[in-house]
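Peer 1: Input data.txt, format and content: compact mmCIF, C-alpha atoms and all ligand atoms.
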# COMPACT_ATOMS: atom_id res chain seq x y z
CA MET A 424 -117.68 190.33 -144.48
CA LYS A 425 -114.78 188.85 -142.76
CA ILE A 426 -116.58 188.77 -139.40
CA ARG A 427 -119.71 187.21 -140.86
CA LEU A 428 -117.75 184.48 -142.45
CA ARG A 429 -115.98 183.69 -139.23
CA PHE A 430 -119.31 183.61 -137.41
CA ALA A 431 -120.82 181.35 -140.06
CA PHE A 432 -117.86 179.00 -139.77
CA ALA A 433 -118.11 178.86 -136.05
CA SER A 434 -121.85 178.17 -136.22
CA LEU A 435 -121.35 175.49 -138.76
CA PHE A 436 -118.70 173.87 -136.55
CA ALA A 437 -120.96 173.94 -133.53
CA LEU A 438 -123.80 172.52 -135.57
CA CYS A 439 -121.85 169.65 -137.07
CA PHE A 440 -119.89 168.66 -134.03
CA PRO A 441 -122.13 169.18 -131.02
CA LEU A 442 -120.28 166.43 -129.17
CA PHE A 443 -117.06 168.20 -129.73
CA ALA A 444 -118.51 171.30 -128.33
CA ALA A 445 -119.58 169.46 -125.16
CA ALA A 446 -116.33 167.55 -124.97
CA PRO A 447 -116.05 165.53 -121.71
CA SER A 448 -113.56 166.47 -119.13
CA PHE A 449 -110.66 164.06 -118.66
CA ALA A 450 -109.72 165.47 -115.32
CA ALA A 451 -109.35 163.07 -112.28
CA PRO A 452 -112.72 162.24 -110.61
CA GLU A 453 -113.45 163.71 -107.25
CA THR A 454 -114.24 160.35 -105.50
CA PRO A 455 -111.60 157.53 -105.72
CA ILE A 456 -112.47 154.40 -107.70
CA ILE A 457 -113.16 151.40 -105.35
CA PRO A 458 -111.03 148.52 -106.64
CA TYR A 459 -113.34 145.68 -107.66
CA CYS A 460 -112.46 142.37 -105.90
CA GLN A 461 -112.91 139.26 -108.01
CA HIS A 462 -113.50 137.19 -104.87
CA VAL A 463 -111.73 133.90 -104.59
CA TRP A 464 -113.66 132.00 -101.95
CA GLY A 465 -111.93 129.73 -99.49
CA LYS A 466 -113.46 126.50 -98.25
CA ALA A 467 -116.82 126.93 -96.58
CA THR A 468 -116.86 126.10 -92.88
CA TYR A 469 -119.95 124.72 -91.18
CA THR A 470 -120.61 125.43 -87.52
CA TRP A 471 -123.42 123.69 -85.70
CA SER A 472 -125.29 124.90 -82.67
CA GLU A 473 -124.84 122.73 -79.59
CA ASP A 474 -128.22 121.01 -80.03
CA TYR A 475 -127.76 120.71 -83.83
CA SER A 476 -130.89 122.77 -84.45
CA THR A 477 -129.05 125.28 -86.65
CA CYS A 478 -126.00 125.37 -88.84
CA THR A 479 -124.01 128.41 -89.88
CA VAL A 480 -121.91 128.32 -93.01
CA THR A 481 -119.23 130.89 -93.65
CA ARG A 482 -116.82 131.49 -96.48
CA THR A 483 -114.09 134.05 -96.69
CA CYS A 484 -112.35 135.59 -99.69
CA VAL A 485 -108.72 134.54 -99.84
CA ARG A 486 -107.85 137.95 -101.32
CA ASN A 487 -109.36 139.93 -98.50
CA LYS A 488 -110.45 138.35 -95.25
CA ASN A 489 -112.93 141.16 -94.66
CA HIS A 490 -115.03 139.77 -97.50
CA THR A 491 -117.11 137.06 -95.88
CA ILE A 492 -120.49 135.55 -96.58
CA SER A 493 -122.35 133.76 -93.88
CA GLU A 494 -125.76 132.13 -93.62
CA THR A 495 -127.56 130.34 -90.81
CA ALA A 496 -130.18 127.71 -91.59
CA ALA A 497 -132.44 125.53 -89.48
CA ALA A 498 -131.35 121.88 -89.44
CA THR A 499 -133.49 118.79 -89.71
CA LEU A 500 -132.91 115.27 -88.42
CA SER A 501 -132.45 113.38 -91.71
CA GLU A 502 -131.38 109.94 -90.44
CA GLU A 503 -131.35 108.01 -87.21
CA THR A 504 -129.64 104.64 -86.77
CA SER A 505 -129.82 102.38 -83.74
CA ALA A 506 -126.76 100.73 -82.20
CA ASP A 507 -125.88 97.13 -82.99
CA CYS A 508 -122.99 94.87 -82.00
CA ASP A 509 -120.31 96.70 -83.97
CA THR A 510 -121.72 100.13 -84.79
CA PRO A 511 -122.82 102.92 -82.46
CA ALA A 512 -126.21 104.63 -82.68
CA SER A 513 -126.16 107.91 -84.57
CA LYS A 514 -128.23 110.88 -85.65
CA THR A 515 -127.54 112.72 -88.89
CA TYR A 516 -128.60 116.35 -89.24
CA THR A 517 -128.92 118.23 -92.53
CA ALA A 518 -129.08 121.98 -93.19
CA SER A 519 -129.79 123.48 -96.63
CA PHE A 520 -128.95 127.07 -97.46
CA LYS A 521 -130.71 129.65 -99.59
CA ASN A 522 -127.44 130.72 -101.19
CA GLU A 523 -126.88 128.08 -103.85
CA ALA A 524 -123.14 128.50 -103.56
CA PHE A 525 -123.31 126.63 -100.26
CA GLU A 526 -123.61 122.89 -100.30
CA THR A 527 -125.95 121.22 -97.84
CA GLY A 528 -124.30 120.79 -94.45
CA THR A 529 -124.45 117.39 -92.75
CA ALA A 530 -123.36 116.34 -89.28
CA THR A 531 -123.46 112.83 -87.83
CA VAL A 532 -123.49 112.53 -84.05
CA VAL A 533 -122.87 109.34 -82.08
CA THR A 534 -125.69 109.02 -79.55
CA SER A 535 -124.71 105.73 -77.90
CA GLN A 536 -121.85 103.28 -78.20
CA ALA A 537 -121.88 99.92 -80.02
CA LEU A 538 -123.53 97.19 -77.94
CA GLY A 539 -120.84 94.55 -78.35
CA HIS A 540 -121.71 90.92 -79.08
CA ASP A 541 -123.92 88.92 -76.75
CA TRP A 542 -122.51 85.44 -77.21
CA ASN A 543 -124.42 82.21 -76.82
CA GLU A 544 -122.88 79.30 -74.94
CA THR A 545 -119.74 77.92 -76.55
CA LYS A 546 -120.10 74.69 -78.54
CA TYR A 547 -117.11 72.37 -78.66
CA VAL A 548 -116.34 69.72 -81.25
CA TRP A 549 -113.38 67.43 -80.59
CA GLU A 550 -111.27 65.58 -83.11
CA ASN A 551 -111.79 61.81 -82.93
CA ASP A 552 -108.36 61.35 -81.36
CA TYR A 553 -108.83 64.38 -79.06
CA SER A 554 -105.78 66.06 -80.61
CA ALA A 555 -107.69 69.29 -81.23
CA CYS A 556 -110.96 71.01 -80.41
CA THR A 557 -113.04 73.51 -82.36
CA ALA A 558 -115.00 76.08 -80.36
CA THR A 559 -117.93 77.95 -81.92
CA ARG A 560 -120.07 80.77 -80.58
CA THR A 561 -122.87 82.67 -82.26
CA CYS A 562 -124.24 86.04 -81.27
CA LYS A 563 -127.73 86.22 -79.74
CA ARG A 564 -128.38 89.48 -81.56
CA ASN A 565 -127.27 88.32 -85.01
CA GLU A 566 -126.46 84.71 -85.82
CA SER A 567 -124.21 85.74 -88.70
CA HIS A 568 -121.76 86.94 -86.05
CA VAL A 569 -119.77 83.78 -85.39
CA LEU A 570 -116.61 83.13 -83.44
CA GLU A 571 -114.78 79.97 -84.41
CA GLU A 572 -111.33 78.68 -83.58
CA THR A 573 -109.57 75.34 -83.58
CA ALA A 574 -106.84 74.79 -81.01
CA PRO A 575 -104.57 71.83 -80.33
CA ALA A 576 -105.30 69.92 -77.13
CA SER A 577 -102.96 68.77 -74.41
CA ALA A 578 -103.60 65.61 -72.40
CA VAL A 579 -103.04 65.09 -68.69
CA MET A 580 -103.63 61.88 -66.79
CA THR A 581 -105.90 63.15 -64.03
CA LYS A 582 -106.67 59.70 -62.63
CA PRO A 583 -104.08 56.97 -63.01
CA VAL A 584 -104.88 53.75 -64.81
CA THR A 585 -104.37 50.55 -62.94
CA ALA A 586 -104.80 47.01 -64.08
CA GLU A 587 -108.04 46.90 -62.08
CA GLU A 588 -109.53 50.32 -62.72
CA ASP A 589 -109.89 52.75 -65.60
CA GLY A 590 -108.14 56.08 -65.35
CA THR A 591 -109.08 59.47 -66.70
CA VAL A 592 -107.29 61.58 -69.26
CA THR A 593 -108.27 65.21 -69.24
CA TYR A 594 -107.83 66.98 -72.55
CA THR A 595 -107.56 70.76 -72.56
CA ALA A 596 -107.67 73.12 -75.53
CA VAL A 597 -106.93 76.80 -74.94
CA PHE A 598 -108.09 79.31 -77.55
CA SER A 599 -106.34 82.54 -78.40
CA ASN A 600 -109.65 84.41 -78.68
CA ARG A 601 -110.55 85.53 -75.17
CA ASP A 602 -114.26 85.19 -75.85
CA LEU A 603 -113.81 81.44 -76.29
CA PRO A 604 -113.39 79.72 -72.92
CA ALA A 605 -110.93 76.84 -72.77
CA ALA A 606 -112.35 73.41 -73.52
CA THR A 607 -111.80 70.48 -71.17
CA LEU A 608 -112.88 66.92 -71.69
CA ASP A 609 -112.46 63.92 -69.41
CA VAL A 610 -112.02 60.65 -71.28
CA PRO A 611 -111.92 57.34 -69.44
CA ILE A 612 -108.94 55.26 -70.34
CA SER A 613 -108.48 51.56 -69.72
CA TYR A 614 -105.29 49.65 -69.13
CA LEU A 615 -105.52 48.24 -72.65
CA ASP A 616 -105.85 51.66 -74.29
CA VAL A 617 -102.50 52.86 -73.05
CA LEU A 618 -99.24 52.26 -74.83
CA TRP A 619 -97.12 52.20 -71.69
CA GLY A 620 -93.88 54.13 -72.03
CA ASP A 621 -95.18 56.27 -74.92
CA ALA A 622 -94.66 59.56 -73.11
CA ASN A 623 -94.80 61.74 -76.23
CA GLY A 624 -97.89 60.11 -77.71
CA ASP A 625 -96.38 59.26 -81.11
CA GLY A 626 -97.52 55.64 -80.94
CA VAL A 627 -94.11 54.05 -80.42
CA VAL A 628 -91.89 53.50 -77.40
CA ASN A 629 -88.34 54.65 -78.00
CA ASN A 630 -85.61 56.99 -76.77
CA LYS A 631 -87.71 60.03 -77.64
CA ASP A 632 -89.98 59.13 -74.71
CA ILE A 633 -87.05 59.37 -72.30
CA VAL A 634 -86.24 62.79 -73.76
CA ARG A 635 -89.86 63.87 -73.34
CA LEU A 636 -89.97 62.70 -69.73
CA LYS A 637 -86.73 64.54 -68.91
CA ASN A 638 -88.09 67.75 -70.44
CA TYR A 639 -91.40 67.34 -68.64
CA LEU A 640 -89.75 66.86 -65.25
CA ALA A 641 -87.20 69.64 -65.81
CA ASP A 642 -90.08 72.08 -66.34
CA TYR A 643 -92.35 70.67 -63.64
CA ASP A 644 -93.57 73.23 -61.12
CA GLU A 645 -94.16 71.71 -57.68
CA GLU A 646 -96.56 74.44 -56.64
CA SER A 647 -98.94 74.31 -59.57
CA LYS A 648 -98.27 70.60 -60.22
CA THR A 649 -98.00 71.35 -63.93
CA SER A 650 -95.40 71.44 -66.66
CA THR A 651 -95.51 73.33 -69.93
CA VAL A 652 -94.24 70.14 -71.63
CA ASP A 653 -97.09 67.81 -72.60
CA ILE A 654 -97.02 64.13 -71.75
CA PHE A 655 -99.41 61.34 -72.64
CA PRO A 656 -100.97 58.61 -70.46
CA GLY A 657 -98.22 56.16 -71.35
CA ALA A 658 -95.67 58.42 -69.64
CA ASP A 659 -96.26 56.47 -66.43
CA ALA A 660 -93.89 53.78 -67.65
CA SER A 661 -93.50 52.32 -64.17
CA GLY A 662 -97.26 52.10 -63.78
CA ASP A 663 -97.31 53.42 -60.22
CA GLY A 664 -99.81 56.21 -60.90
CA ALA A 665 -97.24 59.02 -60.88
CA VAL A 666 -94.92 60.52 -63.46
CA ASN A 667 -91.41 60.94 -62.04
CA ASN A 668 -87.81 59.80 -62.38
CA LYS A 669 -88.83 56.19 -61.81
CA ASP A 670 -90.40 56.20 -65.26
CA ILE A 671 -87.12 57.21 -66.86
CA VAL A 672 -85.36 54.43 -64.90
CA ARG A 673 -87.98 51.92 -66.01
CA LEU A 674 -87.66 52.91 -69.68
CA LYS A 675 -83.86 52.70 -69.55
CA ASN A 676 -84.13 49.23 -68.00
CA TYR A 677 -86.67 48.26 -70.63
CA PHE A 678 -84.35 49.18 -73.51
CA ALA A 679 -81.36 47.57 -71.76
CA ASN A 680 -83.10 44.22 -71.44
CA LEU A 681 -83.82 43.15 -74.97
CA GLU A 682 -83.41 39.40 -75.04
CA ASP A 683 -81.10 38.44 -77.91
CA GLY A 684 -82.74 35.13 -78.72
CA SER A 685 -86.46 35.94 -78.53
CA GLY A 686 -86.22 39.63 -79.51
CA LEU A 687 -88.54 40.39 -76.56
CA PHE A 688 -88.10 42.93 -73.83
CA THR A 689 -87.94 41.20 -70.50
CA VAL A 690 -88.77 44.29 -68.45
CA THR A 691 -92.47 45.21 -68.53
CA LEU A 692 -93.92 48.70 -68.81
CA GLY A 693 -97.01 50.05 -67.07
CA PRO A 694 -98.93 48.64 -64.14
CA ALA A 695 -98.50 44.93 -63.56
CA ALA A 696 -101.32 43.05 -65.19
ZN ZN A 701 -112.83 139.46 -102.11
ZN ZN A 702 -123.14 90.33 -82.54
Please express what this file holds, its structure, as structure tokens.
Peer 2:
Amino acid sequence: MKIRLRFAFASLFALCFPLFAAAPSFAAPETPIIPYCQHVWGKATYTWSEDYSTCTVTRTCVRNKNHTISETAAATLSEETSADCDTPASKTYTASFKNEAFETGTATVVTSQALGHDWNETKYVWENDYSACTATRTCKRNESHVLEETAPASAVMTKPVTAEEDGTVTYTAVFSNRDLPAATLDVPISYLDVLWGDANGDGVVNNKDIVRLKNYLADYDEESKTSTVDIFPGADASGDGAVNNKDIVRLKNYFANLEDGSGLFTVTLGPAA
């Protein structure tokens, strides 16, 4: 009786708890578990073949550099621009990848340099009093490309004025932009146009003209026959066709000989009429 009961109990136990009977083993597995990498991808790098016909994209896991994904795709020419004055010619290639994680790769290649401007002849417009000149140039390729600059002019008496014959004043304007050639203009000048003694061109004859002449002569270079100090046609106070110390002497005499009674200067300036 006792045995039967035990048997019945055991059967009942096995019947009710079959899972218990086939309890799983909690022993260590025979093969080690491979740790699962939750990849953290670094920036994708795009490498183009030399002729830009293919592009290879690669990305590497920052947690394990052995985890890399790479794909090579054929590239297509997606855009071609021709060179103009300022911008070089270029070709743009595009490569799309099957793996949606990779963005389309693009590469722009310069195929020829910018052409540079092809300037038309320079046009010059002078101020009415020749004090300044404006130079303008437009580009043959694109007339919206315009060079424009206004520069002050200097005046040089290139042919002396005499009472009998007109002289020539040559005005020169030099521009800071190297693509604008200097402007020169010859203007005939008659005896009557010149305020003799007005070396600095301010429209009056006074001590400032002596100062200007002294500065001009102090800077005068015998070899180049030029001075960096500007003078005006009236600088030839003695009227002999040359600008030199005699003009300073003449101006000093002129100021020294103001007649008290008449208020007139008894020494004349410029060529004898
Ligand atoms: Zn990884
Ligand atoms: Zn241009």
Peer 1: Which residues sit within 8 Å of ligand ZN 702 (chain A), counting only C-alpha atoms and all ligand atoms, listed as a list in words?
Peer 2: Asp507, Cys508, Asp509, Gly539, His540, Asp541, Trp542, Thr561, Cys562, Lys563, Arg564, Asn565, Glu566, Ser567, His568 and Val569 of chain A
Peer 1: What do you get as a list in words if you pick all residues at most 9 Å from ligand ZN 701 (chain A), counting only C-alpha atoms and all ligand atoms?
Peer 2: Tyr459, Cys460, Gln461, His462, Val463, Trp464, Thr483, Cys484, Val485, Arg486, Asn487, Lys488, Asn489, His490 and Thr491 of chain A
Peer 1: Please produce an output containing C-alpha atoms for each residue in the selection, written as a CSV table (one decimal), in the coordinates of the input.
Peer 2:
chain,number,residue,atom,x,y,z
A,459,TYR,CA,-113.3,145.7,-107.7
A,460,CYS,CA,-112.5,142.4,-105.9
A,461,GLN,CA,-112.9,139.3,-108.0
A,462,HIS,CA,-113.5,137.2,-104.9
A,463,VAL,CA,-111.7,133.9,-104.6
A,464,TRP,CA,-113.7,132.0,-102.0
A,483,THR,CA,-114.1,134.0,-96.7
A,484,CYS,CA,-112.4,135.6,-99.7
A,485,VAL,CA,-108.7,134.5,-99.8
A,486,ARG,CA,-107.8,138.0,-101.3
A,487,ASN,CA,-109.4,139.9,-98.5
A,488,LYS,CA,-110.4,138.4,-95.2
A,489,ASN,CA,-112.9,141.2,-94.7
A,490,HIS,CA,-115.0,139.8,-97.5
A,491,THR,CA,-117.1,137.1,-95.9
Peer 1: Using Å and a single decimal, report how far atom CA of A:Val666 sits from atom CA of A:Asp653.
Peer 2: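 Straight-line distance from atom CA of A:Asp653 to atom CA of A:Val666 works out to 11.9 Å.
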Peer 1: Using all atoms listed in the file for the distances, tell me which of A:Glu473, A:Glu550, A:Asp670, A:Asp602 is nearest to A:Asp621.
Peer 2: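 Residue with the minimum atom-to-atom distance to A:Asp621: A:Asp670.
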Peer 1: What does the distance from atom CA of A:Thr595 to atom CA of A:Gly693 come to in Å, to one decimal?
Peer 2: 23.9 Å
Peer 1: Mind giving me the straight-line distance from atom CA of A:Leu618 to atom CA of A:Gly657 in Å, one decimal?
Peer 2: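 Between atom CA of A:Leu618 and atom CA of A:Gly657 the gap works out to 5.3 Å.
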Peer 1: With only C-alpha atoms as the atoms that count, which of A:Asp659, A:Glu502, A:Glu526, A:Asp644 lies nearest to A:Val579?
Peer 2: A:Asp659
Peer 1: Please list, as a PyMOL selection string, the residues that have an atom at most 9 Å away from (-130.8, 123.9, -84.1) in the coordinates of this file, counting all atoms listed in the file.
Peer 2: chain A and resi 471-478+496-499
Peer 1: Give me a file of those residues, with C-alpha atoms, as an mmCIF file, in the frame of the given file.
Peer 2:
data_model
loop_
_atom_site.group_PDB
_atom_site.id
_atom_site.type_symbol
_atom_site.label_atom_id
_atom_site.label_comp_id
_atom_site.auth_asym_id
_atom_site.auth_seq_id
_atom_site.Cartn_x
_atom_site.Cartn_y
_atom_site.Cartn_z
ATOM 1 C CA TRP A 471 -123.420 123.690 -85.700
ATOM 2 C CA SER A 472 -125.290 124.900 -82.670
ATOM 3 C CA GLU A 473 -124.840 122.730 -79.590
ATOM 4 C CA ASP A 474 -128.220 121.010 -80.030
ATOM 5 C CA TYR A 475 -127.760 120.710 -83.830
ATOM 6 C CA SER A 476 -130.890 122.770 -84.450
ATOM 7 C CA THR A 477 -129.050 125.280 -86.650
ATOM 8 C CA CYS A 478 -126.000 125.370 -88.840
ATOM 9 C CA ALA A 496 -130.180 127.710 -91.590
ATOM 10 C CA ALA A 497 -132.440 125.530 -89.480
ATOM 11 C CA ALA A 498 -131.350 121.880 -89.440
ATOM 12 C CA THR A 499 -133.490 118.790 -89.710
#
Peer 1: With 10 Å as the threshold, what does the neighbourhood of (-129.6, 98.5, -80.1) contain in terms of residues, counting only C-alpha atoms? Coordinates are those of the file; answer as an NGL selection string.
Peer 2: :A and (504-508 or 510-512 or 535-539 or 564)
Peer 1: Excluding same-chain residues fewer than 6 positions from A:Asp625, what lies within 12 Å of it counting all atoms listed in the file, as an mmCIF file with C-alpha atoms, keeping the file's coordinate frame?
Peer 2:
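Final file, selection.cif:
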data_model
loop_
_atom_site.group_PDB
_atom_site.id
_atom_site.type_symbol
_atom_site.label_atom_id
_atom_site.label_comp_id
_atom_site.auth_asym_id
_atom_site.auth_seq_id
_atom_site.Cartn_x
_atom_site.Cartn_y
_atom_site.Cartn_z
ATOM 1 C CA SER A 554 -105.780 66.060 -80.610
ATOM 2 C CA VAL A 617 -102.500 52.860 -73.050
ATOM 3 C CA LEU A 618 -99.240 52.260 -74.830
ATOM 4 C CA TRP A 619 -97.120 52.200 -71.690
ATOM 5 C CA LYS A 631 -87.710 60.030 -77.640
ATOM 6 C CA ASP A 632 -89.980 59.130 -74.710
ATOM 7 C CA ARG A 635 -89.860 63.870 -73.340
ATOM 8 C CA ILE A 654 -97.020 64.130 -71.750
ATOM 9 C CA PHE A 655 -99.410 61.340 -72.640
ATOM 10 C CA PRO A 656 -100.970 58.610 -70.460
ATOM 11 C CA GLY A 657 -98.220 56.160 -71.350
ATOM 12 C CA ALA A 658 -95.670 58.420 -69.640
#
